[in-house]
$ cat work.tsv   # TSV, C-alpha atoms
chain	number	residue	atom	x	y	z
A	1029	GLU	CA	0.00	0.00	0.00
A	1030	GLU	CA	2.83	2.40	0.93
A	1031	LYS	CA	4.68	1.58	-2.28
A	1032	GLY	CA	1.54	2.21	-4.29
A	1033	ARG	CA	1.04	5.57	-2.61
A	1034	LYS	CA	4.60	6.63	-3.43
A	1035	MET	CA	4.19	5.59	-7.05
A	1036	GLY	CA	0.94	7.53	-7.19
A	1037	ASP	CA	2.61	10.64	-5.76
A	1038	ARG	CA	5.45	10.46	-8.28
A	1039	SER	CA	3.01	9.88	-11.11
A	1040	LYS	CA	1.13	13.02	-10.03
A	1041	VAL	CA	4.39	14.99	-10.05
A	1042	SER	CA	5.23	13.67	-13.51
A	1043	GLY	CA	1.83	14.83	-14.71
A	1044	ILE	CA	2.41	18.30	-13.28
A	1045	ILE	CA	5.83	18.90	-14.81
A	1046	SER	CA	4.70	17.72	-18.25
A	1047	SER	CA	1.54	19.83	-18.29
A	1048	ALA	CA	1.07	23.27	-19.77
A	1049	ASP	CA	-0.09	24.46	-16.32
A	1050	ARG	CA	3.05	23.30	-14.47
A	1051	PHE	CA	3.75	26.82	-13.19
A	1052	ASP	CA	0.32	27.17	-11.59
A	1053	SER	CA	0.77	28.17	-7.95
A	1054	GLN	CA	-1.63	25.40	-6.89
A	1055	ASN	CA	1.05	22.88	-7.85
A	1056	ALA	CA	3.52	24.19	-5.27
A	1057	PRO	CA	2.42	22.00	-2.31
A	1058	VAL	CA	2.73	18.79	-4.34
A	1059	LEU	CA	6.16	19.73	-5.68
A	1060	GLU	CA	7.33	20.81	-2.22
A	1061	GLU	CA	6.30	17.51	-0.68
A	1062	HIS	CA	8.13	15.81	-3.55
A	1063	VAL	CA	11.31	17.62	-2.44
A	1064	ASN	CA	10.77	16.39	1.12
A	1065	GLN	CA	10.45	12.85	-0.21
A	1066	GLN	CA	13.74	13.19	-2.11
A	1067	ILE	CA	15.47	14.14	1.15
A	1068	ARG	CA	13.90	11.28	3.13
A	1069	GLU	CA	14.14	8.54	0.53
A	1070	ASN	CA	17.36	9.48	-1.29
A	1071	PHE	CA	16.16	9.84	-4.85
A	1072	TYR	CA	16.53	12.80	-7.16
A	1073	ASP	CA	14.21	14.63	-9.55
A	1074	LEU	CA	16.00	17.44	-11.37
A	1075	ASN	CA	13.01	18.30	-13.57
A	1076	ALA	CA	10.54	18.62	-10.70
A	1077	ASN	CA	12.95	20.72	-8.65
A	1078	SER	CA	13.59	23.02	-11.60
A	1079	VAL	CA	9.88	23.51	-12.18
A	1080	LEU	CA	9.34	24.39	-8.52
A	1081	LEU	CA	12.15	26.95	-8.55
A	1082	ALA	CA	10.76	28.46	-11.74
A	1083	LEU	CA	7.36	28.68	-10.07
A	1084	TYR	CA	9.04	30.49	-7.16
A	1085	GLN	CA	10.53	32.92	-9.68
A	1086	PHE	CA	7.07	33.72	-11.00
A	1087	GLU	CA	5.52	33.85	-7.51
A	1088	PRO	CA	8.22	34.95	-5.01
A	1089	THR	CA	5.68	35.16	-2.19
A	1090	LEU	CA	5.34	31.36	-2.34
A	1091	ILE	CA	9.01	30.71	-1.59
A	1092	LYS	CA	9.72	28.41	1.34
A	1093	PRO	CA	13.39	28.81	2.31
A	1094	GLU	CA	13.57	25.33	3.84
A	1095	ILE	CA	12.47	23.81	0.51
A	1096	VAL	CA	14.99	25.92	-1.41
A	1097	ASN	CA	17.72	24.71	0.97
A	1098	GLN	CA	16.76	21.10	0.37
A	1099	ILE	CA	16.82	21.52	-3.40
A	1100	LEU	CA	20.27	23.11	-3.22
A	1101	VAL	CA	21.52	20.28	-1.01
A	1102	LYS	CA	20.30	17.79	-3.62
A	1103	GLY	CA	22.16	19.87	-6.19
A	1104	LEU	CA	25.38	19.44	-4.20
A	1105	MET	CA	24.75	15.70	-4.09
A	1106	ALA	CA	24.52	15.67	-7.89
A	1107	LEU	CA	28.10	16.92	-8.37
A	1108	PRO	CA	29.96	16.94	-10.75
A	1109	GLN	CA	26.78	17.87	-12.64
A	1110	ASN	CA	26.18	21.63	-12.58
A	1111	ASP	CA	22.70	21.33	-11.06
A	1112	PHE	CA	23.60	23.38	-7.97
A	1113	ALA	CA	24.75	26.35	-10.04
A	1114	SER	CA	21.64	26.08	-12.22
A	1115	TYR	CA	19.41	26.05	-9.16
A	1116	VAL	CA	21.08	29.16	-7.71
A	1117	TYR	CA	20.74	30.92	-11.05
A	1118	SER	CA	17.01	30.08	-11.04
A	1119	LEU	CA	16.36	31.81	-7.72
A	1120	PRO	CA	14.78	35.27	-7.74
A	1121	GLU	CA	17.48	37.93	-7.85
A	1122	GLN	CA	16.42	39.43	-4.54
A	1123	TYR	CA	16.43	36.07	-2.71
A	1124	THR	CA	19.17	35.82	-0.10
A	1125	ASN	CA	19.65	34.45	3.41
A	1126	SER	CA	22.37	32.97	5.59
A	1127	GLU	CA	21.57	29.40	4.54
A	1128	LEU	CA	22.03	30.28	0.86
A	1129	THR	CA	25.39	31.84	1.70
A	1130	GLN	CA	26.42	28.73	3.63
A	1131	LEU	CA	25.43	26.44	0.77
A	1132	GLN	CA	27.28	28.56	-1.77
A	1133	THR	CA	30.34	28.41	0.49
A	1134	ALA	CA	30.03	24.61	0.64
A	1135	TYR	CA	29.87	24.47	-3.15
A	1136	ASP	CA	32.92	26.73	-3.49
A	1137	LEU	CA	34.92	24.60	-1.05
A	1138	LEU	CA	34.16	21.45	-3.02
A	1139	ASP	CA	34.81	23.15	-6.34
A	1140	ASN	CA	38.20	24.41	-5.14
A	1141	GLY	CA	39.31	21.13	-3.59
A	1142	LYS	CA	39.15	22.35	0.02
A	1143	PHE	CA	37.65	19.07	1.14
A	1144	ALA	CA	38.83	19.02	4.77
A	1145	LYS	CA	37.36	22.49	5.33
A	1146	PHE	CA	34.11	21.38	3.70
A	1147	TRP	CA	33.81	18.44	6.11
A	1148	LYS	CA	34.62	20.64	9.09
A	1149	ASP	CA	31.74	22.93	8.16
A	1150	PHE	CA	29.55	19.91	7.41
A	1151	GLU	CA	29.92	18.58	10.94
A	1152	SER	CA	28.50	21.76	12.48
A	1153	ASN	CA	25.92	22.74	9.87
A	1154	PRO	CA	22.33	21.60	10.53
A	1155	ILE	CA	21.39	22.12	6.86
A	1156	PHE	CA	22.98	18.77	6.02
A	1157	LYS	CA	21.52	16.79	8.89
A	1158	ASP	CA	18.89	14.15	8.17
A	1159	VAL	CA	19.61	14.24	4.43
A	1160	ASN	CA	19.57	10.60	3.44
A	1161	GLY	CA	22.68	9.68	1.42
A	1162	PHE	CA	24.36	13.09	1.55
A	1163	GLU	CA	27.71	12.05	3.02
A	1164	ALA	CA	28.02	9.06	0.69
A	1165	ALA	CA	27.22	11.17	-2.38
A	1166	ILE	CA	29.83	13.81	-1.54
A	1167	ARG	CA	32.42	11.16	-0.73
A	1168	LYS	CA	31.83	9.54	-4.11
A	1169	TYR	CA	32.22	12.87	-5.90
A	1170	ILE	CA	35.50	13.62	-4.12
A	1171	PHE	CA	36.89	10.11	-4.57
A	1172	ASP	CA	36.03	10.03	-8.27
A	1173	LEU	CA	37.73	13.42	-8.69
A	1174	LEU	CA	40.89	12.19	-6.96
A	1175	LEU	CA	40.89	9.03	-9.08
A	1176	ILE	CA	41.08	10.99	-12.32
A	1177	THR	CA	43.53	13.54	-10.93
A	1178	TYR	CA	46.24	11.53	-9.16
A	1179	GLN	CA	48.07	8.23	-9.53
A	1180	LYS	CA	48.58	7.99	-5.78
A	1181	VAL	CA	47.69	10.05	-2.73
A	1182	PRO	CA	48.87	10.04	0.90
A	1183	ASN	CA	46.77	8.01	3.30
A	1184	ASP	CA	46.23	11.06	5.57
A	1185	TYR	CA	45.20	13.26	2.67
A	1186	LEU	CA	42.64	10.74	1.45
A	1187	ARG	CA	41.22	10.28	4.92
A	1188	SER	CA	40.82	14.03	5.46
A	1189	SER	CA	39.38	14.49	1.95
A	1190	LEU	CA	36.74	11.80	2.51
A	1191	ASN	CA	36.09	12.57	6.20
A	1192	ILE	CA	37.27	9.11	7.22
A	1193	LYS	CA	38.03	8.76	10.92
A	1194	ASP	CA	40.23	5.65	11.04
A	1195	ASP	CA	42.00	3.02	8.95
A	1196	ALA	CA	39.19	0.51	9.44
A	1197	GLN	CA	36.72	2.83	7.75
A	1198	LEU	CA	39.30	3.62	5.08
A	1199	GLU	CA	39.73	-0.07	4.33
A	1200	GLN	CA	35.96	-0.48	4.05
A	1201	LEU	CA	35.59	2.39	1.58
A	1202	VAL	CA	38.94	2.07	-0.22
A	1203	PRO	CA	39.95	-1.61	0.07
A	1204	GLU	CA	43.66	-2.40	-0.17
A	1205	SER	CA	42.90	-5.32	-2.49
A	1206	LYS	CA	41.78	-2.79	-5.11
A	1207	TYR	CA	43.89	0.22	-4.13
A	1208	PRO	CA	47.34	-0.97	-2.94
A	1209	ARG	CA	49.24	0.82	-0.20
A	1210	VAL	CA	52.79	1.88	-1.06
A	1211	SER	CA	55.51	3.81	0.77
A	1212	GLN	CA	57.26	6.97	-0.42
A	1213	ASN	CA	59.35	9.42	1.62
A	1214	ASN	CA	58.29	7.64	4.81
A	1215	GLN	CA	54.66	8.25	3.91
A	1216	SER	CA	51.93	5.68	3.35
A	1217	LEU	CA	50.35	6.29	-0.05
A	1218	ILE	CA	47.32	4.78	-1.73
A	1219	GLN	CA	47.81	3.87	-5.35
A	1220	PHE	CA	45.07	4.41	-7.91
A	1221	PRO	CA	44.68	2.58	-11.21
A	1222	LEU	CA	46.34	4.31	-14.15
A	1223	THR	CA	43.88	5.92	-16.53
A	1224	GLU	CA	44.08	8.23	-19.51
A	1225	HIS	CA	43.03	11.01	-17.14
A	1226	ASN	CA	45.56	10.70	-14.33
A	1227	GLN	CA	48.43	10.17	-16.79
A	1228	ALA	CA	47.63	13.21	-18.93
A	1229	LYS	CA	50.52	15.68	-18.82
A	1230	THR	CA	48.28	18.67	-19.48
A	1231	LYS	CA	45.82	17.81	-16.73
A	1232	GLU	CA	45.14	20.88	-14.61
A	1233	VAL	CA	44.31	20.53	-10.93
A	1234	SER	CA	43.40	23.24	-8.47
A	1235	SER	CA	46.30	24.92	-6.69
A	1236	ASN	CA	44.72	24.04	-3.35
A	1237	GLN	CA	44.68	20.33	-4.16
A	1238	GLN	CA	48.26	20.41	-5.42
A	1239	ASN	CA	49.50	22.29	-2.37
A	1240	LEU	CA	47.83	19.84	-0.03
A	1241	LEU	CA	49.22	16.86	-1.90
A	1242	GLU	CA	52.78	18.24	-1.91
A	1243	TYR	CA	52.51	19.00	1.80
A	1244	TYR	CA	51.49	15.45	2.71
A	1245	ILE	CA	54.13	13.82	0.47
A	1246	SER	CA	57.05	16.04	1.48
A	1247	ARG	CA	56.60	16.25	5.24
A	1248	ASP	CA	58.80	14.04	7.41
$ encode --input "work.tsv" --output "structure tokens"
Amino acid sequence: EEKGRKMGDRSKVSGIISSADRFDSQNAPVLEEHVNQQIRENFYDLNANSVLLALYQFEPTLIKPEIVNQILVKGLMALPQNDFASYVYSLPEQYTNSELTQLQTAYDLLDNGKFAKFWKDFESNPIFKDVNGFEAAIRKYIFDLLLITYQKVPNDYLRSSLNIKDDAQLEQLVPESKYPRVSQNNQSLIQFPLTEHNQAKTKEVSSNQQNLLEYYISRD
């Protein structure tokens, strides 16, 4: 019965976003509840979220900041897709609050490779609490980025980048059988598979990432 209800709700949303009347203000409650469901159940609906934000553009008095926050959080979870930036661009020009600033800061930290600072802010920011799948989605984004950027990274750097507390958790997420541990300059490094991306001589990485990597490799 519960599964049928959920399917019915999603079918109703699909009908709304494909209709000529999708920007009718009466659709807002259904689309807003759909956002809540995405947070609780860890699924993602870019089209529905975009329609709701467009509706907010047309009717700014309908805006619910908590719903906007949730949509932006889902946009962060969709990285490396540019959904977050598209969502921000869709907001009314006059819309601003502290939560929006915090979310934009989180995006900038991730975009600039300041992963440890991102996780430090994450731990104390209630915006990210109770978002099903958030931590795993951000970890995957960061790990995939490191995979195509480096051939090997220091153990400590990887742990801080992925917000991993101990070696047991590291082994669970980055098993040694797949990612061998090697030693260099008295540092424990984790070796990634060679790909066309992490061997490319012209590959550009952010200065922040490079500085962090050189620090971890060169320190005694």
$ closest_atom_pairs --input "work.tsv" --of "range 1078-1144 of chain A" --to "range 1167-1191 of chain A" --cutoff "12 Å" --atoms "all atoms listed in the file" --output "CSV"
residue,atom,partner,partner_atom,distance
A:Leu1104,CA,A:Tyr1169,CA,9.6
A:Met1105,CA,A:Tyr1169,CA,8.2
A:Ala1106,CA,A:Tyr1169,CA,8.4
A:Leu1107,CA,A:Tyr1169,CA,6.3
A:Pro1108,CA,A:Tyr1169,CA,6.7
A:Gln1109,CA,A:Tyr1169,CA,10.0
A:Leu1137,CA,A:Ile1170,CA,11.4
A:Leu1138,CA,A:Ile1170,CA,8.0
A:Asp1139,CA,A:Ile1170,CA,9.8
A:Asn1140,CA,A:Ile1170,CA,11.2
A:Gly1141,CA,A:Ile1170,CA,8.4
A:Lys1142,CA,A:Ser1189,CA,8.1
A:Phe1143,CA,A:Ser1189,CA,5.0
A:Ala1144,CA,A:Ser1189,CA,5.4
$ atom_distance --input "work.tsv" --atom1 "CA of Val1101 in chain A" --atom2 "CA of Ile1045 in chain A"
20.9 Å
$ closest_residue --input "work.tsv" --among "A:Gln1197, A:Gln1066, A:Asn1214, A:Asn1153" --to "Ala1134 in chain A" --atoms "all atoms listed in the file"
A:Asn1153
$ atom_distance --input "work.tsv" --atom1 "CA of Thr1133 in chain A" --atom2 "CA of Val1202 in chain A"
27.7 Å
$ atom_distance --input "work.tsv" --atom1 "CA of Asp1195 in chain A" --atom2 "CA of Lys1148 in chain A"
19.1 Å
$ residues_around --input "work.tsv" --residues "Asp1111 in chain A" --least-positions-apart "2" --cutoff "12 Å" --atoms "only C-alpha atoms" --output "list of chain:residue names"
A:Tyr1072, A:Asp1073, A:Leu1074, A:Asn1075, A:Asn1077, A:Ser1078, A:Ile1099, A:Leu1100, A:Val1101, A:Lys1102, A:Gly1103, A:Leu1104, A:Met1105, A:Ala1106, A:Leu1107, A:Pro1108, A:Gln1109, A:Ala1113, A:Ser1114, A:Tyr1115, A:Val1116, A:Tyr1117, A:Ser1118, A:Tyr1135
$ residues_around --input "work.tsv" --residues "Pro1154 in chain A" --least-positions-apart "6" --cutoff "12 Å" --atoms "all atoms listed in the file" --output "ChimeraX atom specification"
/A:1094,1097-1098,1101,1127,1130-1131
$ write_last_selection --input "work.tsv" --atoms "C-alpha atoms" --output "compact mmCIF listing (two decimals), keeping the file's coordinate frame"
# COMPACT_ATOMS: atom_id res chain seq x y z
CA GLU A 1094 13.57 25.33 3.84
CA ASN A 1097 17.72 24.71 0.97
CA GLN A 1098 16.76 21.10 0.37
CA VAL A 1101 21.52 20.28 -1.01
CA GLU A 1127 21.57 29.40 4.54
CA GLN A 1130 26.42 28.73 3.63
CA LEU A 1131 25.43 26.44 0.77
$ closest_residue --input "work.tsv" --among "A:Ala1048, A:Leu1217, A:Ile1192, A:Ile1091" --to "Glu1204 in chain A" --atoms "only C-alpha atoms"
A:Leu1217
$ residues_near_point --input "work.tsv" --point "(2.3, 31.8, -2.9)" --cutoff "9 Å" --atoms "only C-alpha atoms" --output "PyMOL selection string"
chain A and resi 1053-1054+1056+1084+1087-1091
$ write_last_selection --input "work.tsv" --atoms "C-alpha atoms" --output "PDB file, in the frame of the given file"
ATOM      1  CA  SER A1053       0.770  28.170  -7.950  1.00  0.00           C
ATOM      2  CA  GLN A1054      -1.630  25.400  -6.890  1.00  0.00           C
ATOM      3  CA  ALA A1056       3.520  24.190  -5.270  1.00  0.00           C
ATOM      4  CA  TYR A1084       9.040  30.490  -7.160  1.00  0.00           C
ATOM      5  CA  GLU A1087       5.520  33.850  -7.510  1.00  0.00           C
ATOM      6  CA  PRO A1088       8.220  34.950  -5.010  1.00  0.00           C
ATOM      7  CA  THR A1089       5.680  35.160  -2.190  1.00  0.00           C
ATOM      8  CA  LEU A1090       5.340  31.360  -2.340  1.00  0.00           C
ATOM      9  CA  ILE A1091       9.010  30.710  -1.590  1.00  0.00           C
TER      10      ILE A1091
END
$ closest_residue --input "work.tsv" --among "A:Ile1067, A:Leu1201, A:Ile1044, A:Val1058" --to "Asn1160 in chain A" --atoms "all atoms listed in the file"
A:Ile1067
$ decode --input "work.tsv" --residues "range 1173-1186 of chain A" --atoms "all heavy atoms" --output "compact mmCIF listing (two decimals), in the first residue's frame"
# COMPACT_ATOMS: atom_id res chain seq x y z
N LEU A 1173 36.87 12.32 -8.23
CA LEU A 1173 37.73 13.42 -8.69
C LEU A 1173 39.20 13.10 -8.44
O LEU A 1173 40.05 13.31 -9.32
CB LEU A 1173 37.33 14.71 -7.97
CG LEU A 1173 38.15 15.95 -8.31
CD1 LEU A 1173 38.00 16.31 -9.79
CD2 LEU A 1173 37.72 17.12 -7.44
N LEU A 1174 39.51 12.56 -7.27
CA LEU A 1174 40.89 12.19 -6.96
C LEU A 1174 41.39 11.08 -7.88
O LEU A 1174 42.55 11.08 -8.30
CB LEU A 1174 41.01 11.77 -5.50
CG LEU A 1174 40.72 12.86 -4.46
CD1 LEU A 1174 40.82 12.29 -3.04
CD2 LEU A 1174 41.64 14.05 -4.62
N LEU A 1175 40.52 10.15 -8.21
CA LEU A 1175 40.89 9.03 -9.08
C LEU A 1175 41.36 9.50 -10.45
O LEU A 1175 42.27 8.92 -11.03
CB LEU A 1175 39.71 8.07 -9.25
CG LEU A 1175 39.50 7.00 -8.19
CD1 LEU A 1175 38.24 6.21 -8.51
CD2 LEU A 1175 40.69 6.06 -8.10
N ILE A 1176 40.71 10.53 -10.99
CA ILE A 1176 41.08 10.99 -12.32
C ILE A 1176 42.14 12.08 -12.29
O ILE A 1176 42.58 12.54 -13.34
CB ILE A 1176 39.84 11.49 -13.11
CG1 ILE A 1176 39.23 12.73 -12.46
CG2 ILE A 1176 38.81 10.39 -13.28
CD1 ILE A 1176 38.16 13.39 -13.30
N THR A 1177 42.54 12.47 -11.07
CA THR A 1177 43.53 13.54 -10.93
C THR A 1177 44.91 13.00 -10.58
O THR A 1177 45.92 13.49 -11.09
CB THR A 1177 43.09 14.55 -9.87
OG1 THR A 1177 41.80 15.06 -10.20
CG2 THR A 1177 44.06 15.72 -9.79
N TYR A 1178 44.96 12.00 -9.70
CA TYR A 1178 46.24 11.53 -9.16
C TYR A 1178 46.44 10.04 -9.44
O TYR A 1178 45.48 9.27 -9.55
CB TYR A 1178 46.31 11.75 -7.65
CG TYR A 1178 46.12 13.19 -7.24
CD1 TYR A 1178 45.08 13.58 -6.39
CD2 TYR A 1178 47.00 14.18 -7.69
CE1 TYR A 1178 44.93 14.90 -6.01
CE2 TYR A 1178 46.86 15.50 -7.31
CZ TYR A 1178 45.82 15.86 -6.47
OH TYR A 1178 45.66 17.17 -6.09
N GLN A 1179 47.72 9.64 -9.46
CA GLN A 1179 48.07 8.23 -9.53
C GLN A 1179 48.19 7.63 -8.14
O GLN A 1179 47.95 6.45 -7.95
CB GLN A 1179 49.39 8.05 -10.29
CG GLN A 1179 49.30 8.47 -11.75
CD GLN A 1179 50.60 8.27 -12.50
OE1 GLN A 1179 51.54 7.67 -11.98
NE2 GLN A 1179 50.66 8.76 -13.73
N LYS A 1180 48.56 8.44 -7.17
CA LYS A 1180 48.58 7.99 -5.78
C LYS A 1180 48.45 9.21 -4.87
O LYS A 1180 48.86 10.32 -5.23
CB LYS A 1180 49.82 7.18 -5.44
CG LYS A 1180 51.13 7.81 -5.84
CD LYS A 1180 52.27 6.81 -5.60
CE LYS A 1180 53.59 7.38 -6.13
NZ LYS A 1180 54.21 6.50 -7.09
N VAL A 1181 47.88 8.97 -3.70
CA VAL A 1181 47.69 10.05 -2.73
C VAL A 1181 48.07 9.55 -1.34
O VAL A 1181 47.95 8.36 -1.05
CB VAL A 1181 46.23 10.57 -2.70
CG1 VAL A 1181 45.84 11.20 -4.01
CG2 VAL A 1181 45.26 9.46 -2.32
N PRO A 1182 48.55 10.44 -0.47
CA PRO A 1182 48.87 10.04 0.90
C PRO A 1182 47.63 9.56 1.65
O PRO A 1182 46.52 10.09 1.48
CB PRO A 1182 49.42 11.33 1.53
CG PRO A 1182 49.89 12.14 0.36
CD PRO A 1182 48.94 11.83 -0.74
N ASN A 1183 47.84 8.56 2.49
CA ASN A 1183 46.77 8.01 3.30
C ASN A 1183 46.06 9.12 4.08
O ASN A 1183 44.82 9.21 4.08
CB ASN A 1183 47.38 6.98 4.26
CG ASN A 1183 46.35 6.31 5.16
OD1 ASN A 1183 45.53 6.96 5.78
ND2 ASN A 1183 46.43 4.99 5.26
N ASP A 1184 46.82 9.99 4.75
CA ASP A 1184 46.23 11.06 5.57
C ASP A 1184 45.40 12.03 4.74
O ASP A 1184 44.35 12.51 5.17
CB ASP A 1184 47.33 11.83 6.31
CG ASP A 1184 48.00 11.00 7.39
OD1 ASP A 1184 47.47 9.93 7.73
OD2 ASP A 1184 49.05 11.44 7.89
N TYR A 1185 45.91 12.33 3.54
CA TYR A 1185 45.20 13.26 2.67
C TYR A 1185 43.86 12.66 2.22
O TYR A 1185 42.83 13.36 2.21
CB TYR A 1185 46.06 13.59 1.45
CG TYR A 1185 45.38 14.43 0.41
CD1 TYR A 1185 44.99 15.73 0.68
CD2 TYR A 1185 45.11 13.91 -0.87
CE1 TYR A 1185 44.36 16.51 -0.29
CE2 TYR A 1185 44.47 14.68 -1.83
CZ TYR A 1185 44.10 15.97 -1.53
OH TYR A 1185 43.47 16.73 -2.49
N LEU A 1186 43.87 11.37 1.88
CA LEU A 1186 42.64 10.74 1.45
C LEU A 1186 41.64 10.68 2.60
O LEU A 1186 40.45 10.95 2.40
CB LEU A 1186 42.92 9.33 0.91
CG LEU A 1186 41.71 8.62 0.29
CD1 LEU A 1186 41.18 9.40 -0.92
CD2 LEU A 1186 42.08 7.20 -0.13
